[in-house]
file coords15.pdb (PDB, C-alpha atoms)
ATOM      1  CA  MET A   1       0.000   0.000   0.000
ATOM      2  CA  LEU A   2       1.131   3.535  -0.808
ATOM      3  CA  SER A   3       0.311   6.104   1.861
ATOM      4  CA  VAL A   4       0.908   9.846   1.913
ATOM      5  CA  GLN A   5       0.828  11.637   5.245
ATOM      6  CA  ALA A   6       0.505  15.430   5.628
ATOM      7  CA  LEU A   7       2.591  16.028   2.496
ATOM      8  CA  ALA A   8       3.730  19.497   1.444
ATOM      9  CA  CYS A   9       5.659  20.330  -1.724
ATOM     10  CA  GLU A  10       7.232  23.559  -2.911
ATOM     11  CA  ARG A  11       8.622  24.972  -6.141
ATOM     12  CA  GLY A  12      11.253  27.574  -5.344
ATOM     13  CA  ASP A  13       9.799  29.698  -2.570
ATOM     14  CA  LYS A  14       6.201  28.899  -3.539
ATOM     15  CA  LYS A  15       4.186  26.289  -1.669
ATOM     16  CA  LEU A  16       2.203  24.200  -4.144
ATOM     17  CA  PHE A  17       0.139  22.242  -1.612
ATOM     18  CA  ASP A  18       0.325  21.153   1.989
ATOM     19  CA  ASN A  19      -1.276  18.765   4.490
ATOM     20  CA  LEU A  20      -2.101  16.318   1.692
ATOM     21  CA  SER A  21      -2.934  12.785   2.854
ATOM     22  CA  PHE A  22      -4.255   9.771   0.976
ATOM     23  CA  GLU A  23      -3.785   6.026   0.500
ATOM     24  CA  VAL A  24      -3.714   3.816  -2.575
ATOM     25  CA  GLU A  25      -4.260   0.126  -1.958
ATOM     26  CA  ALA A  26      -3.840  -2.864  -4.248
ATOM     27  CA  GLY A  27      -6.674  -2.963  -6.779
ATOM     28  CA  HIS A  28      -7.236   0.807  -6.587
ATOM     29  CA  ALA A  29      -6.403   3.859  -8.703
ATOM     30  CA  LEU A  30      -5.965   7.520  -7.814
ATOM     31  CA  HIS A  31      -6.786  10.270 -10.322
ATOM     32  CA  VAL A  32      -5.085  13.579  -9.486
ATOM     33  CA  HIS A  33      -6.872  16.690 -10.776
ATOM     34  CA  GLY A  34      -5.942  20.358 -10.784
ATOM     35  CA  PRO A  35      -5.127  23.331 -13.025
ATOM     36  CA  ASN A  36      -1.693  23.929 -14.503
ATOM     37  CA  GLY A  37       0.699  24.996 -11.759
ATOM     38  CA  ALA A  38      -1.196  23.261  -8.975
ATOM     39  CA  GLY A  39       1.588  20.754  -8.380
ATOM     40  CA  LYS A  40       0.315  17.572 -10.049
ATOM     41  CA  THR A  41       3.624  16.706 -11.694
ATOM     42  CA  THR A  42       5.548  17.625  -8.548
ATOM     43  CA  LEU A  43       3.321  15.306  -6.517
ATOM     44  CA  LEU A  44       3.869  12.407  -8.898
ATOM     45  CA  ARG A  45       7.625  12.990  -8.946
ATOM     46  CA  ALA A  46       7.602  13.029  -5.152
ATOM     47  CA  LEU A  47       5.790   9.680  -5.137
ATOM     48  CA  CYS A  48       8.643   8.322  -7.276
ATOM     49  CA  GLY A  49      11.296   9.689  -4.928
ATOM     50  CA  LEU A  50      12.500  12.203  -7.537
ATOM     51  CA  VAL A  51      11.447  15.261  -5.521
ATOM     52  CA  ALA A  52      11.950  15.720  -1.802
ATOM     53  CA  PRO A  53       8.785  16.999  -0.074
ATOM     54  CA  ALA A  54       8.976  20.079   2.133
ATOM     55  CA  ALA A  55       7.075  18.232   4.852
ATOM     56  CA  GLY A  56       5.239  14.975   5.448
ATOM     57  CA  ARG A  57       5.964  11.356   4.578
ATOM     58  CA  ILE A  58       5.458   8.979   1.677
ATOM     59  CA  CYS A  59       5.340   5.350   2.788
ATOM     60  CA  TRP A  60       5.186   1.946   1.139
ATOM     61  CA  ASP A  61       3.692  -0.747   3.358
ATOM     62  CA  GLY A  62       4.286   1.502   6.358
ATOM     63  CA  GLU A  63       7.935   2.336   5.679
ATOM     64  CA  ASP A  64       9.275   5.644   4.364
ATOM     65  CA  ILE A  65      10.215   5.318   0.689
ATOM     66  CA  HIS A  66      13.478   7.194   1.305
ATOM     67  CA  ASP A  67      14.491   4.500   3.778
ATOM     68  CA  LEU A  68      13.458   1.695   1.437
ATOM     69  CA  ARG A  69      15.190   3.278  -1.559
ATOM     70  CA  GLU A  70      15.863   0.571  -4.198
ATOM     71  CA  ASP A  71      13.436  -1.856  -2.582
ATOM     72  CA  TYR A  72      10.691   0.685  -3.317
ATOM     73  CA  PHE A  73      11.964   1.929  -6.674
ATOM     74  CA  ARG A  74      11.864  -1.608  -8.097
ATOM     75  CA  LYS A  75       8.120  -1.661  -7.428
ATOM     76  CA  VAL A  76       7.377   1.590  -9.292
ATOM     77  CA  SER A  77       7.044   2.396 -12.986
ATOM     78  CA  TYR A  78       6.992   6.128 -13.746
ATOM     79  CA  PHE A  79       5.848   7.699 -16.993
ATOM     80  CA  GLY A  80       6.642  11.424 -17.113
ATOM     81  CA  HIS A  81       6.664  14.170 -19.720
ATOM     82  CA  LEU A  82       9.947  12.949 -21.250
ATOM     83  CA  ASN A  83       9.954   9.650 -23.101
ATOM     84  CA  ALA A  84      13.575   8.830 -22.119
ATOM     85  CA  LEU A  85      14.277   7.028 -25.395
ATOM     86  CA  LYS A  86      17.588   6.747 -27.267
ATOM     87  CA  ASP A  87      17.110   8.225 -30.744
ATOM     88  CA  GLU A  88      19.597   5.910 -32.466
ATOM     89  CA  LEU A  89      18.087   2.701 -31.081
ATOM     90  CA  THR A  90      15.016   0.977 -32.490
ATOM     91  CA  GLY A  91      11.734   0.816 -30.633
ATOM     92  CA  LEU A  92      12.384  -2.785 -29.621
ATOM     93  CA  GLU A  93      15.954  -2.048 -28.495
ATOM     94  CA  ASN A  94      14.766   0.897 -26.389
ATOM     95  CA  VAL A  95      12.236  -1.231 -24.530
ATOM     96  CA  VAL A  96      14.582  -4.172 -23.958
ATOM     97  CA  LEU A  97      17.480  -1.942 -22.848
ATOM     98  CA  GLY A  98      15.317   0.290 -20.652
ATOM     99  CA  LEU A  99      13.792  -2.656 -18.834
ATOM    100  CA  GLY A 100      17.163  -4.361 -18.480
ATOM    101  CA  LEU A 101      18.735  -1.288 -16.881
ATOM    102  CA  ALA A 102      15.822  -1.205 -14.415
ATOM    103  CA  GLY A 103      16.412  -4.846 -13.524
ATOM    104  CA  HIS A 104      13.490  -6.289 -15.483
ATOM    105  CA  ALA A 105      14.431  -9.023 -17.964
ATOM    106  CA  VAL A 106      12.085  -9.358 -20.922
ATOM    107  CA  GLU A 107      11.941 -11.512 -24.052
ATOM    108  CA  GLU A 108      11.970  -9.745 -27.408
ATOM    109  CA  ALA A 109       8.837 -11.663 -28.391
ATOM    110  CA  ALA A 110       6.971 -10.139 -25.442
ATOM    111  CA  VAL A 111       8.127  -6.658 -26.497
ATOM    112  CA  SER A 112       6.939  -7.240 -30.062
ATOM    113  CA  GLU A 113       3.569  -8.404 -28.773
ATOM    114  CA  MET A 114       3.179  -5.345 -26.541
ATOM    115  CA  LEU A 115       4.177  -2.922 -29.304
ATOM    116  CA  ALA A 116       1.612  -4.581 -31.560
ATOM    117  CA  ARG A 117      -1.055  -4.243 -28.876
ATOM    118  CA  LEU A 118      -0.233  -0.540 -28.625
ATOM    119  CA  GLY A 119      -0.486  -0.197 -32.405
ATOM    120  CA  VAL A 120       3.201   0.472 -33.099
ATOM    121  CA  GLU A 121       4.519  -2.920 -34.172
ATOM    122  CA  ILE A 122       6.008  -1.234 -37.240
ATOM    123  CA  CYS A 123       8.197   0.861 -34.934
ATOM    124  CA  GLN A 124      10.079  -2.019 -33.378
ATOM    125  CA  ASP A 125      12.709  -2.084 -36.140
ATOM    126  CA  LEU A 126      12.846   1.664 -36.810
ATOM    127  CA  PRO A 127      15.192   4.110 -35.058
ATOM    128  CA  VAL A 128      13.244   6.222 -32.588
ATOM    129  CA  LYS A 129      14.468   9.445 -34.219
ATOM    130  CA  VAL A 130      12.147   8.857 -37.214
ATOM    131  CA  LEU A 131       9.018   8.198 -35.140
ATOM    132  CA  SER A 132       6.191  10.647 -34.480
ATOM    133  CA  GLN A 133       5.577  11.950 -30.962
ATOM    134  CA  GLY A 134       2.606   9.627 -30.551
ATOM    135  CA  GLN A 135       4.647   6.631 -31.670
ATOM    136  CA  LYS A 136       7.484   7.508 -29.307
ATOM    137  CA  LYS A 137       5.023   7.782 -26.462
ATOM    138  CA  ARG A 138       3.618   4.333 -27.134
ATOM    139  CA  VAL A 139       7.109   2.813 -27.281
ATOM    140  CA  ALA A 140       7.865   4.395 -23.912
ATOM    141  CA  LEU A 141       4.554   3.150 -22.502
ATOM    142  CA  ALA A 142       5.447  -0.402 -23.563
ATOM    143  CA  ARG A 143       8.230  -0.359 -20.964
ATOM    144  CA  ILE A 144       5.713   0.454 -18.233
ATOM    145  CA  MET A 145       3.363  -2.320 -19.286
ATOM    146  CA  LEU A 146       6.119  -4.955 -19.363
ATOM    147  CA  ALA A 147       7.982  -4.055 -16.172
ATOM    148  CA  GLY A 148       5.707  -6.088 -13.907
ATOM    149  CA  THR A 149       5.718  -3.470 -11.159
ATOM    150  CA  PRO A 150       2.681  -3.152  -8.860
ATOM    151  CA  LEU A 151       2.595   0.667  -8.863
ATOM    152  CA  TRP A 152       2.187   2.715 -12.035
ATOM    153  CA  ILE A 153       2.629   6.489 -11.764
ATOM    154  CA  LEU A 154       1.470   8.095 -15.008
ATOM    155  CA  ASP A 155       1.729  11.816 -15.737
ATOM    156  CA  GLU A 156      -0.517  12.764 -18.685
ATOM    157  CA  PRO A 157      -0.130   9.363 -20.388
ATOM    158  CA  PHE A 158      -2.866  10.031 -22.976
ATOM    159  CA  THR A 159      -1.332  13.185 -24.484
ATOM    160  CA  ALA A 160      -0.438  12.827 -28.211
ATOM    161  CA  LEU A 161      -2.250   9.488 -28.508
ATOM    162  CA  ASP A 162      -4.935   8.855 -31.113
ATOM    163  CA  VAL A 163      -8.394   7.586 -30.205
ATOM    164  CA  HIS A 164      -7.462   3.926 -30.652
ATOM    165  CA  ALA A 165      -4.339   4.228 -28.507
ATOM    166  CA  VAL A 166      -6.267   6.060 -25.782
ATOM    167  CA  ASP A 167      -8.787   3.213 -25.691
ATOM    168  CA  VAL A 168      -6.041   0.564 -25.558
ATOM    169  CA  LEU A 169      -4.133   2.343 -22.787
ATOM    170  CA  SER A 170      -7.325   2.889 -20.777
ATOM    171  CA  ARG A 171      -8.097  -0.827 -20.949
ATOM    172  CA  MET A 172      -4.538  -1.718 -19.945
ATOM    173  CA  ILE A 173      -4.716   0.511 -16.864
ATOM    174  CA  VAL A 174      -8.037  -1.066 -15.923
ATOM    175  CA  GLU A 175      -6.559  -4.538 -16.440
ATOM    176  CA  HIS A 176      -3.542  -3.700 -14.264
ATOM    177  CA  VAL A 177      -5.675  -2.405 -11.393
ATOM    178  CA  THR A 178      -8.264  -5.165 -11.677
ATOM    179  CA  ASN A 179      -5.449  -7.710 -11.356
ATOM    180  CA  GLY A 180      -4.341  -6.183  -8.058
ATOM    181  CA  GLY A 181      -2.051  -3.422  -9.263
ATOM    182  CA  MET A 182      -2.158   0.269  -8.373
ATOM    183  CA  ALA A 183      -2.159   3.383 -10.537
ATOM    184  CA  VAL A 184      -1.749   7.083  -9.829
ATOM    185  CA  LEU A 185      -2.370   9.283 -12.849
ATOM    186  CA  THR A 186      -3.074  12.757 -14.137
ATOM    187  CA  THR A 187      -4.805  13.606 -17.401
ATOM    188  CA  HIS A 188      -6.415  16.635 -18.981
ATOM    189  CA  GLN A 189      -8.401  14.434 -21.356
ATOM    190  CA  ASP A 190     -11.885  13.253 -20.557
ATOM    191  CA  VAL A 191     -10.897   9.604 -20.358
ATOM    192  CA  GLY A 192     -13.227   7.209 -18.626
ATOM    193  CA  LEU A 193     -11.691   4.339 -16.676
ATOM    194  CA  ASP A 194     -14.102   1.472 -16.179
ATOM    195  CA  LEU A 195     -13.108   0.976 -12.565
ATOM    196  CA  SER A 196     -15.162   0.972  -9.390
ATOM    197  CA  GLN A 197     -12.136   1.621  -7.200
ATOM    198  CA  VAL A 198     -10.981   5.057  -8.363
ATOM    199  CA  ARG A 199     -10.375   7.861  -5.909
ATOM    200  CA  HIS A 200     -10.112  11.498  -7.013
ATOM    201  CA  ILE A 201      -8.124  14.268  -5.377
ATOM    202  CA  HIS A 202      -7.998  17.887  -6.479
ATOM    203  CA  LEU A 203      -5.033  20.179  -6.056
ATOM    204  CA  GLY A 204      -5.893  23.874  -5.985
ATOM    205  CA  LYS A 205      -3.660  26.460  -7.581
ATOM    206  CA  ARG A 206      -2.064  28.892  -5.165
ATOM    207  CA  GLY A 207      -0.785  32.394  -5.651
TER     208      GLY A 207
END
call {"tool": "encode", "arguments": {"input": "coords15.pdb", "output": "structure tokens"}}
result
Amino acid sequence: MLSVQALACERGDKKLFDNLSFEVEAGHALHVHGPNGAGKTTLLRALCGLVAPAAGRICWDGEDIHDLREDYFRKVSYFGHLNALKDELTGLENVVLGLGLAGHAVEEAAVSEMLARLGVEICQDLPVKVLSQGQKKRVALARIMLAGTPLWILDEPFTALDVHAVDVLSRMIVEHVTNGGMAVLTTHQDVGLDLSQVRHIHLGKRG
């Protein structure tokens, strides 16, 4: 279980939010809402251990994530605004290498199958530098889907995706949560997730 206790985050000398508390259990999702500048991305980066909060604690199964360090990071897959792909490598090579560096072994056949499911099978043998933004995003998302981590943290995952890809990704998130996983996500799109266990929190813009 992921639990956040009286969390406060700042950007420079500006407090984005404070006294934020919530829990995300297995089989549940959390949808974070708020206007631009409210701190949604900062919150998600804090949940990944990439940003140190100004106050409060983030815990995994009751232990602070900064004490757990690698034991926690191996359980998290983070999808941010940058795709973190190597332009000279193919789509397939990017997924295999990225997962390998994170300690997740994967067969090339499984990568090909996932890329096909995401509608970018053609991209597996092409260098990433020739792909469109939507194609790059789907290649990067394939790493998340294949990592086998219980917690997905997704920052605007539907941006630059076409209608078909949005539908596929929505169903994959639902499948992950239904099978006992957890997801924390932000999105500006009106995307419906067919889940009964979705909690919503709203961050208000300050200043």
call {"tool": "resolve_selection", "arguments": {"input": "coords15.pdb", "expression": "the PyMOL selection byres ((chain A and resi 149) around 6)", "output": "PyMOL selection string"}}
result
chain A and resi 75-76+147-148+150-151
call {"tool": "closest_residue", "arguments": {"input": "coords15.pdb", "among": "A:Met1, A:Gln124, A:Leu82, A:Asp64", "to": "His28 of chain A", "atoms": "all atoms listed in the file"}}
result
A:Met1
call {"tool": "closest_residue", "arguments": {"input": "coords15.pdb", "among": "A:Tyr78, A:Ala46, A:Gly12, A:Asn19", "to": "Ile58 of chain A", "atoms": "only C-alpha atoms"}}
result
A:Ala46
call {"tool": "closest_atom_pairs", "arguments": {"input": "coords15.pdb", "of": "segment 42-76 of chain A", "to": "segment 173-194 of chain A", "cutoff": "12 Å", "atoms": "only C-alpha atoms", "output": "Markdown table"}}
result
| residue | atom | partner | partner_atom | distance |
| --- | --- | --- | --- | --- |
| A:Thr42 | CA | A:Thr186 | CA | 11.4 |
| A:Leu43 | CA | A:Val184 | CA | 10.2 |
| A:Leu44 | CA | A:Val184 | CA | 7.8 |
| A:Arg45 | CA | A:Val184 | CA | 11.1 |
| A:Leu47 | CA | A:Val184 | CA | 9.3 |
| A:Cys48 | CA | A:Val184 | CA | 10.8 |
| A:Lys75 | CA | A:Gly181 | CA | 10.5 |
| A:Val76 | CA | A:Met182 | CA | 9.7 |
call {"tool": "write_last_selection", "arguments": {"input": "coords15.pdb", "atoms": "C-alpha atoms", "output": "short mmCIF file (atom, residue, chain, number, x, y, z; two decimals), in the coordinates of the input"}}
result
data_model
loop_
_atom_site.label_atom_id
_atom_site.label_comp_id
_atom_site.auth_asym_id
_atom_site.auth_seq_id
_atom_site.Cartn_x
_atom_site.Cartn_y
_atom_site.Cartn_z
CA THR A 42 5.55 17.62 -8.55
CA LEU A 43 3.32 15.31 -6.52
CA LEU A 44 3.87 12.41 -8.90
CA ARG A 45 7.62 12.99 -8.95
CA LEU A 47 5.79 9.68 -5.14
CA CYS A 48 8.64 8.32 -7.28
CA LYS A 75 8.12 -1.66 -7.43
CA VAL A 76 7.38 1.59 -9.29
#
call {"tool": "closest_residue", "arguments": {"input": "coords15.pdb", "among": "A:Asp155, A:Glu107, A:Glu93, A:Asp162", "to": "Val128 of chain A", "atoms": "only C-alpha atoms"}}
result
A:Glu93
call {"tool": "residues_around", "arguments": {"input": "coords15.pdb", "residues": "Ala6 of chain A", "least_positions_apart": "5", "cutoff": "6 Å", "atoms": "all atoms listed in the file", "output": "PDB file with C-alpha atoms, in the coordinates of the input"}}
result
ATOM      1  CA  ASN A  19      -1.276  18.765   4.490  1.00  0.00           C
ATOM      2  CA  LEU A  20      -2.101  16.318   1.692  1.00  0.00           C
ATOM      3  CA  SER A  21      -2.934  12.785   2.854  1.00  0.00           C
ATOM      4  CA  GLY A  56       5.239  14.975   5.448  1.00  0.00           C
TER       5      GLY A  56
END
call {"tool": "closest_residue", "arguments": {"input": "coords15.pdb", "among": "A:Leu2, A:Leu195, A:Ala109, A:Val24", "to": "Gly62 of chain A", "atoms": "only C-alpha atoms"}}
result
A:Leu2
call {"tool": "residues_around", "arguments": {"input": "coords15.pdb", "residues": "Gly80 of chain A", "least_positions_apart": "5", "cutoff": "8 Å", "atoms": "only C-alpha atoms", "output": "list in words"}}
result
Leu154, Asp155, Glu156 and Pro157 of chain A
call {"tool": "write_last_selection", "arguments": {"input": "coords15.pdb", "atoms": "C-alpha atoms", "output": "mmCIF file, keeping the file's coordinate frame"}}
result
data_model
loop_
_atom_site.group_PDB
_atom_site.id
_atom_site.type_symbol
_atom_site.label_atom_id
_atom_site.label_comp_id
_atom_site.auth_asym_id
_atom_site.auth_seq_id
_atom_site.Cartn_x
_atom_site.Cartn_y
_atom_site.Cartn_z
ATOM 1 C CA LEU A 154 1.470 8.095 -15.008
ATOM 2 C CA ASP A 155 1.729 11.816 -15.737
ATOM 3 C CA GLU A 156 -0.517 12.764 -18.685
ATOM 4 C CA PRO A 157 -0.130 9.363 -20.388
#
call {"tool": "atom_distance", "arguments": {"input": "coords15.pdb", "atom1": "atom CA of Arg69 of chain A", "atom2": "atom CA of Phe158 of chain A"}}
result
28.8 Å
call {"tool": "closest_residue", "arguments": {"input": "coords15.pdb", "among": "A:Ala116, A:Leu203, A:Leu30, A:Ile65", "to": "Lys15 of chain A", "atoms": "all atoms listed in the file"}}
result
A:Leu203
call {"tool": "atom_distance", "arguments": {"input": "coords15.pdb", "atom1": "atom CA of Leu7 of chain A", "atom2": "atom CA of Ala55 of chain A"}}
result
5.5 Å
call {"tool": "residues_around", "arguments": {"input": "coords15.pdb", "residues": "segment 140-146 of chain A", "least_positions_apart": "3", "cutoff": "6 Å", "atoms": "all atoms listed in the file", "output": "VMD selection string"}}
result
chain A and resid 77 83 95 137
call {"tool": "resolve_selection", "arguments": {"input": "coords15.pdb", "expression": "the PyMOL selection byres ((chain A and resi 136) around 12)", "output": "mmCIF file with C-alpha atoms, in the coordinates of the input"}}
result
data_model
loop_
_atom_site.group_PDB
_atom_site.id
_atom_site.type_symbol
_atom_site.label_atom_id
_atom_site.label_comp_id
_atom_site.auth_asym_id
_atom_site.auth_seq_id
_atom_site.Cartn_x
_atom_site.Cartn_y
_atom_site.Cartn_z
ATOM 1 C CA HIS A 81 6.664 14.170 -19.720
ATOM 2 C CA LEU A 82 9.947 12.949 -21.250
ATOM 3 C CA ASN A 83 9.954 9.650 -23.101
ATOM 4 C CA ALA A 84 13.575 8.830 -22.119
ATOM 5 C CA LEU A 85 14.277 7.028 -25.395
ATOM 6 C CA LYS A 86 17.588 6.747 -27.267
ATOM 7 C CA ASP A 87 17.110 8.225 -30.744
ATOM 8 C CA LEU A 89 18.087 2.701 -31.081
ATOM 9 C CA THR A 90 15.016 0.977 -32.490
ATOM 10 C CA GLY A 91 11.734 0.816 -30.633
ATOM 11 C CA LEU A 92 12.384 -2.785 -29.621
ATOM 12 C CA ASN A 94 14.766 0.897 -26.389
ATOM 13 C CA VAL A 95 12.236 -1.231 -24.530
ATOM 14 C CA LEU A 115 4.177 -2.922 -29.304
ATOM 15 C CA LEU A 118 -0.233 -0.540 -28.625
ATOM 16 C CA GLY A 119 -0.486 -0.197 -32.405
ATOM 17 C CA VAL A 120 3.201 0.472 -33.099
ATOM 18 C CA GLU A 121 4.519 -2.920 -34.172
ATOM 19 C CA ILE A 122 6.008 -1.234 -37.240
ATOM 20 C CA CYS A 123 8.197 0.861 -34.934
ATOM 21 C CA GLN A 124 10.079 -2.019 -33.378
ATOM 22 C CA LEU A 126 12.846 1.664 -36.810
ATOM 23 C CA PRO A 127 15.192 4.110 -35.058
ATOM 24 C CA VAL A 128 13.244 6.222 -32.588
ATOM 25 C CA LYS A 129 14.468 9.445 -34.219
ATOM 26 C CA VAL A 130 12.147 8.857 -37.214
ATOM 27 C CA LEU A 131 9.018 8.198 -35.140
ATOM 28 C CA SER A 132 6.191 10.647 -34.480
ATOM 29 C CA GLN A 133 5.577 11.950 -30.962
ATOM 30 C CA GLY A 134 2.606 9.627 -30.551
ATOM 31 C CA GLN A 135 4.647 6.631 -31.670
ATOM 32 C CA LYS A 137 5.023 7.782 -26.462
ATOM 33 C CA ARG A 138 3.618 4.333 -27.134
ATOM 34 C CA VAL A 139 7.109 2.813 -27.281
ATOM 35 C CA ALA A 140 7.865 4.395 -23.912
ATOM 36 C CA LEU A 141 4.554 3.150 -22.502
ATOM 37 C CA ALA A 142 5.447 -0.402 -23.563
ATOM 38 C CA ARG A 143 8.230 -0.359 -20.964
ATOM 39 C CA PRO A 157 -0.130 9.363 -20.388
ATOM 40 C CA THR A 159 -1.332 13.185 -24.484
ATOM 41 C CA ALA A 160 -0.438 12.827 -28.211
ATOM 42 C CA LEU A 161 -2.250 9.488 -28.508
#
call {"tool": "axis_aligned_box", "arguments": {"input": "coords15.pdb", "around": "segment 158-171 of chain A", "padding_each_side": "8 Å", "output": "lines of an AutoDock Vina configuration file"}}
result
center_x = -4.6
center_y = 6.2
center_z = -25.9
size_x = 24.3
size_y = 30.0
size_z = 26.3
call {"tool": "closest_residue", "arguments": {"input": "coords15.pdb", "among": "A:Leu16, A:Met114, A:Val198, A:Leu101", "to": "Val168 of chain A", "atoms": "all atoms listed in the file"}}
result
A:Met114
call {"tool": "atom_distance", "arguments": {"input": "coords15.pdb", "atom1": "atom CA of Glu63 of chain A", "atom2": "atom CA of Ser3 of chain A"}}
result
9.3 Å
